[in-house]
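All remarks here apply to the structure that follows.
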Amino acid sequence: MNIDTKCVQGGYRPGNGEPRQVPIYQSTTWKYATSDEMGALFDLEASGYFYTRLQNPTNDTVAAKLCEMEGGFAAMLTSSGQAANFYAVFNICECGDHFISSSSIYGGTYNLFGVTMKKMGIECTFVDQDLPLEELQKYIRPNTKCIFGETITNPTCTVLDFEKFAKLAHNNGIPLIVDNTFATPVNCRPIEFGADIVTHSTTKYIDGHASSVGGAIIDSGNFDWMASAEKFPGLTTPDESYHGLTYATKFGKGAYITKATAQLMRDLGSIQAPQNAYYINIGLESLHVRMERHCRNALKVAEFLENNDKVAWVNYPDLKTNKYFELKNKYLPKGSCGVMCFGIKGGREQSIKFMDSLKLISIVTHVADARTCLLHPASHTHRQLTDDQLREAGIAPDLIRLSIGLEDADDIIEDIKQALDQI
Ligand SMILES: *Cc1c(COP(=O)(O)O)cnc(C)c1O
């Protein structure tokens, strides 16, 4: 199946007389006839459902669709994108370990890696993702366990050079984890370019309608844990909480997701509600149609902004003049996504005047929605920071993040134009 067909039909193939739509298993638990049957499930000797905190059939069906779409081996849903990125790293990093992340990543992930995980004894070094491979190699330490980046960064809209990052990871016997939220598997499949593990905030384009917070982790199954066995004892040595089974030898390509489910989900419990998984699946059924339109609209808007003399700069990788245009063509030939960022001449004051003059476009924290929306980090998410502190965090004080929706592009442009005319 091609990706568009996978969006519609992946993951779920009902038999004769079974429901056409994925059923919502709104049940915490499953019934068994004998104690032995239940015991085998707890020993991971048999596979089956017993408690929704570990696994639920609705979630598994939707995870299977995402797995097919990303070209992975196994996948799981999580309660949020934050939970997905935390589990993805914490599944292979423990106290005393180190990992490397691009510094241009979503603010929530930046806090998670730089502040919260630091308190757990896991250290993250943030690097400029545009540095050459030889420079990046200098950040690798003996206890470095993975590399992390975003396909298209939120909010700065830069494109990750997968081949360089995959080389950096694999030269050092560690996996590359990529957050593919903005591109979605419709526009980019990081596993094809060497990523080992892919994460998503399904809250964004995958849901697409701002209805449910959720996340996902997809494992390619390609990373050989046993080849770097001393680095990943959690996968390659016996787990005492499962009678001493070893994930990598018992589950092979499924080791990583089995551990994340059987150990992290069991103990930390960030499960997605089956009802939300159902909504996400409805979103996935039209994802390929929506992404095409998001990109088409966004390019039109970006071209308009680029040619308006009140606009200081625009960053949208699909613009021919963009620094990342070549990388975009290489990794995302169909288009990047509907998100761009730009600055208005005159700084904070003019930006606020512009935003307050908008009529169709709304100011929301959300992004990647059917409705066009925007956010000015300096006035909203990062308002406690001075201009210098903002620049240090890699965010220009005048940066406005604009997420283009599915409306008529001319109406979006008209609204931007009348608001720019106010300043
Ligand atoms: C929103 C977002 C997240 C966090 O996801 P939630 O679902 O809000 O927890 C992670 N990564 C990226 C790129 C995001 O845009």
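Quick note on naming: the chains in the structure tokens go A, B, ... in the order shown, residues restart at 1 in each chain, and ligands are numbered from 1 in order of appearance.
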Test item: residues lying within 9 Å of ligand 1 with only C-alpha atoms and all ligand atoms, as a PyMOL selection string: chain A and resi 79-85+105-109+150-155+179-182+199-204+212-215+366-368
Residues as selected, N, CA and C atoms, written as a tab-separated table (two decimals), in the first residue's frame, can you do that?
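The resulting file, again-v2.tsv, is shown below:
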chain	number	residue	atom	x	y	z
A	79	SER	N	-0.01	9.13	26.21
A	79	SER	CA	-1.04	10.12	26.54
A	79	SER	C	-0.78	11.49	25.92
A	80	SER	N	0.46	11.78	25.56
A	80	SER	CA	0.80	13.09	24.98
A	80	SER	C	2.12	12.97	24.23
A	81	GLY	N	2.45	14.01	23.47
A	81	GLY	CA	3.74	14.05	22.80
A	81	GLY	C	4.87	14.14	23.83
A	82	GLN	N	4.62	14.85	24.93
A	82	GLN	CA	5.62	14.94	26.00
A	82	GLN	C	5.97	13.55	26.52
A	83	ALA	N	4.93	12.75	26.78
A	83	ALA	CA	5.14	11.38	27.29
A	83	ALA	C	5.91	10.56	26.27
A	84	ALA	N	5.60	10.76	24.98
A	84	ALA	CA	6.28	9.98	23.93
A	84	ALA	C	7.78	10.28	23.94
A	85	ASN	N	8.14	11.57	23.97
A	85	ASN	CA	9.57	11.91	23.94
A	85	ASN	C	10.27	11.50	25.22
A	105	ILE	N	14.48	22.71	19.23
A	105	ILE	CA	13.38	21.76	19.40
A	105	ILE	C	12.24	22.47	20.12
A	106	TYR	N	11.12	21.80	20.17
A	106	TYR	CA	9.93	22.31	20.85
A	106	TYR	C	10.26	22.69	22.30
A	107	GLY	N	9.76	23.84	22.76
A	107	GLY	CA	10.07	24.34	24.10
A	107	GLY	C	9.77	23.36	25.22
A	108	GLY	N	8.67	22.63	25.09
A	108	GLY	CA	8.30	21.65	26.11
A	108	GLY	C	9.33	20.53	26.21
A	109	THR	N	9.84	20.11	25.06
A	109	THR	CA	10.85	19.05	25.04
A	109	THR	C	12.17	19.59	25.59
A	150	GLU	N	14.31	17.05	15.65
A	150	GLU	CA	12.96	17.13	15.06
A	150	GLU	C	13.10	17.29	13.55
A	151	THR	N	12.26	16.60	12.79
A	151	THR	CA	12.31	16.67	11.32
A	151	THR	C	12.24	18.13	10.87
A	152	ILE	N	11.19	18.82	11.32
A	152	ILE	CA	11.06	20.27	11.11
A	152	ILE	C	10.86	20.84	12.49
A	153	THR	N	11.71	21.79	12.87
A	153	THR	CA	11.71	22.21	14.26
A	153	THR	C	10.57	23.18	14.57
A	154	ASN	N	10.03	23.04	15.76
A	154	ASN	CA	8.97	23.90	16.28
A	154	ASN	C	9.61	24.85	17.30
A	155	PRO	N	9.60	26.16	17.16
A	155	PRO	CA	8.88	26.95	16.15
A	155	PRO	C	9.75	27.49	15.02
A	179	ASP	N	11.67	13.28	16.31
A	179	ASP	CA	10.29	13.74	16.52
A	179	ASP	C	9.77	14.22	15.17
A	180	ASN	N	8.82	13.49	14.61
A	180	ASN	CA	8.34	13.74	13.24
A	180	ASN	C	6.97	14.43	13.24
A	181	THR	N	6.68	15.14	14.33
A	181	THR	CA	5.35	15.75	14.51
A	181	THR	C	4.93	16.67	13.36
A	182	PHE	N	5.78	17.62	13.01
A	182	PHE	CA	5.37	18.63	12.02
A	182	PHE	C	5.26	18.07	10.61
A	199	THR	N	9.10	9.63	17.02
A	199	THR	CA	8.06	9.99	17.98
A	199	THR	C	7.11	11.00	17.35
A	200	HIS	N	5.95	11.10	17.96
A	200	HIS	CA	4.94	12.07	17.50
A	200	HIS	C	4.20	12.68	18.66
A	201	SER	N	3.87	13.97	18.50
A	201	SER	CA	2.75	14.53	19.24
A	201	SER	C	1.58	14.39	18.27
A	202	THR	N	0.70	13.41	18.52
A	202	THR	CA	-0.43	13.20	17.60
A	202	THR	C	-1.46	14.31	17.75
A	203	THR	N	-1.25	15.14	18.81
A	203	THR	CA	-2.10	16.31	19.07
A	203	THR	C	-2.16	17.26	17.88
A	204	LYS	N	-1.12	17.26	17.06
A	204	LYS	CA	-0.99	18.25	16.00
A	204	LYS	C	-1.68	17.76	14.73
A	212	SER	N	-7.82	16.21	20.66
A	212	SER	CA	-7.28	15.32	21.69
A	212	SER	C	-5.76	15.40	21.78
A	213	VAL	N	-5.26	15.47	22.99
A	213	VAL	CA	-3.81	15.43	23.23
A	213	VAL	C	-3.36	13.97	23.18
A	214	GLY	N	-2.27	13.69	22.48
A	214	GLY	CA	-1.78	12.31	22.40
A	214	GLY	C	-0.39	12.24	21.82
A	215	GLY	N	0.23	11.06	21.93
A	215	GLY	CA	1.56	10.87	21.38
A	215	GLY	C	1.75	9.45	20.88
A	366	HIS	N	-1.97	26.41	20.45
A	366	HIS	CA	-1.93	25.23	19.60
A	366	HIS	C	-1.29	25.54	18.25
A	367	VAL	N	-0.96	24.49	17.53
A	367	VAL	CA	-0.34	24.62	16.21
A	367	VAL	C	-0.76	23.41	15.38
A	368	ALA	N	-0.67	23.53	14.04
A	368	ALA	CA	-0.97	22.39	13.17
A	368	ALA	C	-2.43	21.96	13.28
Please identify all polymer residues within 10 Å of A:Glu163, counting only C-alpha atoms, omitting same-chain residues fewer than 6 positions from it, and present them as a list in words. Ala169, Pro190, Phe193, Gly194, Ala195 and Tyr331 of chain A
Spatial neighbours of A:Ile147, max dist 8 Å, only C-alpha atoms, sep filter under 3 positions, as a PyMOL selection string: chain A and resi 99-101+165+169+174-177
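If only C-alpha atoms are the atoms counted, then among A:Lys300, A:Lys310, A:His294, A:Arg348 the closest residue to A:Lys334 is A:His294.
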Quick one: residues within 6 Å of stretch 259-272 of chain A, only C-alpha atoms counted, chain neighbours fewer than 2 positions away excluded, as a JSON list (two decimals) with N, CA, C and O atoms, in the first residue's frame?
[["chain", "number", "residue", "atom", "x", "y", "z"],
["A", 53, "ARG", "N", -3.84, 0.00, 31.26],
["A", 53, "ARG", "CA", -2.60, 0.77, 31.49],
["A", 53, "ARG", "C", -1.44, 0.20, 30.68],
["A", 53, "ARG", "O", -0.54, 0.93, 30.28],
["A", 54, "LEU", "N", -1.44, -1.11, 30.43],
["A", 54, "LEU", "CA", -0.38, -1.68, 29.60],
["A", 54, "LEU", "C", -0.74, -1.68, 28.12],
["A", 54, "LEU", "O", 0.02, -1.20, 27.30],
["A", 78, "THR", "N", 0.92, 7.01, 23.40],
["A", 78, "THR", "CA", 1.12, 7.56, 24.75],
["A", 78, "THR", "C", 0.09, 8.67, 24.96],
["A", 78, "THR", "O", -0.58, 9.10, 24.02],
["A", 79, "SER", "N", -0.01, 9.13, 26.21],
["A", 79, "SER", "CA", -1.04, 10.12, 26.54],
["A", 79, "SER", "C", -0.78, 11.49, 25.92],
["A", 79, "SER", "O", -1.70, 12.29, 25.79],
["A", 91, "ASN", "N", 13.63, 5.13, 28.00],
["A", 91, "ASN", "CA", 13.67, 3.69, 27.76],
["A", 91, "ASN", "C", 15.10, 3.17, 27.61],
["A", 91, "ASN", "O", 15.36, 1.98, 27.82],
["A", 256, "TYR", "N", 12.56, -2.99, 22.08],
["A", 256, "TYR", "CA", 12.46, -1.61, 22.57],
["A", 256, "TYR", "C", 11.01, -1.26, 22.96],
["A", 256, "TYR", "O", 10.75, -0.75, 24.04],
["A", 257, "ILE", "N", 10.07, -1.57, 22.07],
["A", 257, "ILE", "CA", 8.66, -1.22, 22.35],
["A", 257, "ILE", "C", 8.11, -2.14, 23.45],
["A", 257, "ILE", "O", 7.32, -1.69, 24.30]]
Write out as a ChimeraX atom specification the residues lying within 9 Å of A:Gly208, counting only C-alpha atoms and excluding same-chain residues fewer than 6 positions away. /A:202,280,283-284,287,290,368-370
Would you write out those residues with C-alpha atoms, as a CSV table (one decimal), in the first residue's frame?
chain,number,residue,atom,x,y,z
A,202,THR,CA,-0.4,13.2,17.6
A,280,ILE,CA,-6.8,10.2,16.2
A,283,GLY,CA,-7.8,12.3,11.8
A,284,LEU,CA,-5.4,9.9,10.2
A,287,LEU,CA,-4.2,13.3,6.9
A,290,ARG,CA,-5.1,17.7,4.6
A,368,ALA,CA,-1.0,22.4,13.2
A,369,ASP,CA,-4.7,22.7,13.3
A,370,ALA,CA,-7.5,22.9,10.6
Using only C-alpha atoms, which residues sit within 12 Å of A:Gly173 once same-chain residues fewer than 5 positions away are excluded, as an NGL selection string? :A and (140-147 or 166-168 or 196 or 223-232)
Written selection (N, CA, C and O atoms) as a short mmCIF file (atom, residue, chain, number, x, y, z; two decimals), in the first residue's frame:
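Okay, this is what ended up in out_18.cif:
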data_model
loop_
_atom_site.label_atom_id
_atom_site.label_comp_id
_atom_site.auth_asym_id
_atom_site.auth_seq_id
_atom_site.Cartn_x
_atom_site.Cartn_y
_atom_site.Cartn_z
N ILE A 140 30.19 13.84 21.76
CA ILE A 140 29.93 12.45 22.16
C ILE A 140 30.84 12.07 23.33
O ILE A 140 32.03 12.36 23.33
N ARG A 141 30.23 11.44 24.34
CA ARG A 141 31.02 10.97 25.50
C ARG A 141 30.84 9.44 25.59
O ARG A 141 29.95 8.89 24.95
N PRO A 142 31.64 8.79 26.44
CA PRO A 142 31.49 7.33 26.58
C PRO A 142 30.08 6.94 27.05
O PRO A 142 29.60 5.86 26.73
N ASN A 143 29.42 7.84 27.82
CA ASN A 143 28.08 7.50 28.36
C ASN A 143 26.95 8.11 27.54
O ASN A 143 25.82 8.20 28.01
N THR A 144 27.24 8.57 26.31
CA THR A 144 26.18 9.13 25.45
C THR A 144 25.35 7.97 24.88
O THR A 144 25.91 7.04 24.29
N LYS A 145 24.01 8.06 25.04
CA LYS A 145 23.17 6.90 24.70
C LYS A 145 22.23 7.10 23.51
O LYS A 145 21.67 6.13 23.00
N CYS A 146 22.00 8.35 23.10
CA CYS A 146 21.18 8.55 21.91
C CYS A 146 21.33 9.99 21.42
O CYS A 146 21.87 10.85 22.11
N ILE A 147 20.83 10.22 20.20
CA ILE A 147 20.81 11.54 19.58
C ILE A 147 19.35 11.86 19.27
O ILE A 147 18.62 10.99 18.81
N ALA A 166 22.18 10.59 11.42
CA ALA A 166 22.19 9.12 11.49
C ALA A 166 23.64 8.62 11.54
O ALA A 166 23.97 7.70 12.28
N LYS A 167 24.51 9.28 10.75
CA LYS A 167 25.93 8.91 10.76
C LYS A 167 26.52 9.15 12.14
O LYS A 167 27.24 8.30 12.68
N LEU A 168 26.23 10.32 12.71
CA LEU A 168 26.74 10.66 14.04
C LEU A 168 26.33 9.59 15.04
O LEU A 168 27.14 9.09 15.83
N ASP A 196 16.23 5.59 13.90
CA ASP A 196 15.93 4.29 14.49
C ASP A 196 14.57 4.31 15.19
O ASP A 196 13.86 3.31 15.18
N PHE A 223 17.80 -1.02 15.01
CA PHE A 223 18.99 -0.84 15.85
C PHE A 223 19.35 -2.15 16.55
O PHE A 223 18.50 -2.80 17.14
N ASP A 224 20.65 -2.50 16.46
CA ASP A 224 21.12 -3.76 17.05
C ASP A 224 21.60 -3.49 18.48
O ASP A 224 22.74 -3.07 18.69
N TRP A 225 20.72 -3.73 19.46
CA TRP A 225 21.05 -3.43 20.85
C TRP A 225 22.19 -4.31 21.35
O TRP A 225 23.05 -3.84 22.09
N MET A 226 22.20 -5.56 20.91
CA MET A 226 23.23 -6.47 21.39
C MET A 226 24.63 -6.07 20.90
O MET A 226 25.62 -6.33 21.57
N ALA A 227 24.69 -5.40 19.72
CA ALA A 227 25.98 -4.97 19.19
C ALA A 227 26.62 -3.89 20.08
O ALA A 227 27.83 -3.70 20.06
N SER A 228 25.77 -3.16 20.82
CA SER A 228 26.29 -2.16 21.78
C SER A 228 25.78 -2.54 23.17
O SER A 228 25.34 -1.68 23.94
N ALA A 229 25.85 -3.83 23.47
CA ALA A 229 25.19 -4.38 24.67
C ALA A 229 25.58 -3.65 25.95
O ALA A 229 24.73 -3.38 26.81
N GLU A 230 26.86 -3.25 26.08
CA GLU A 230 27.31 -2.63 27.34
C GLU A 230 26.69 -1.25 27.54
O GLU A 230 26.57 -0.79 28.67
N LYS A 231 26.24 -0.62 26.45
CA LYS A 231 25.62 0.71 26.57
C LYS A 231 24.17 0.64 27.00
O LYS A 231 23.63 1.61 27.52
N PHE A 232 23.51 -0.48 26.73
CA PHE A 232 22.06 -0.54 26.95
C PHE A 232 21.66 -1.71 27.85
O PHE A 232 20.93 -2.61 27.44
#
I'd like to know which of A:Val127, A:Ala40, A:Leu66, A:Leu245 is closest to A:Glu285, using only C-alpha atoms. A:Leu66
Residue among A:Asp161, A:Asp356, A:Asp410, A:Glu303 lying closest to A:Lys330, counting only C-alpha atoms: A:Asp161
Top pick for closest residue to A:Ile412, considering A:Arg391, A:His209, A:Lys359, A:Lys328 and counting only C-alpha atoms: A:Lys359
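With only C-alpha atoms as the atoms that count, the minimum distance from A:Leu136 to the choices A:Leu360, A:Asn171, A:Lys323, A:Pro57 is reached by A:Asn171.
Closest approach to A:Ile122 among A:Glu135, A:Cys188, A:Thr28, A:Ile92: A:Ile92, based on only C-alpha atoms.
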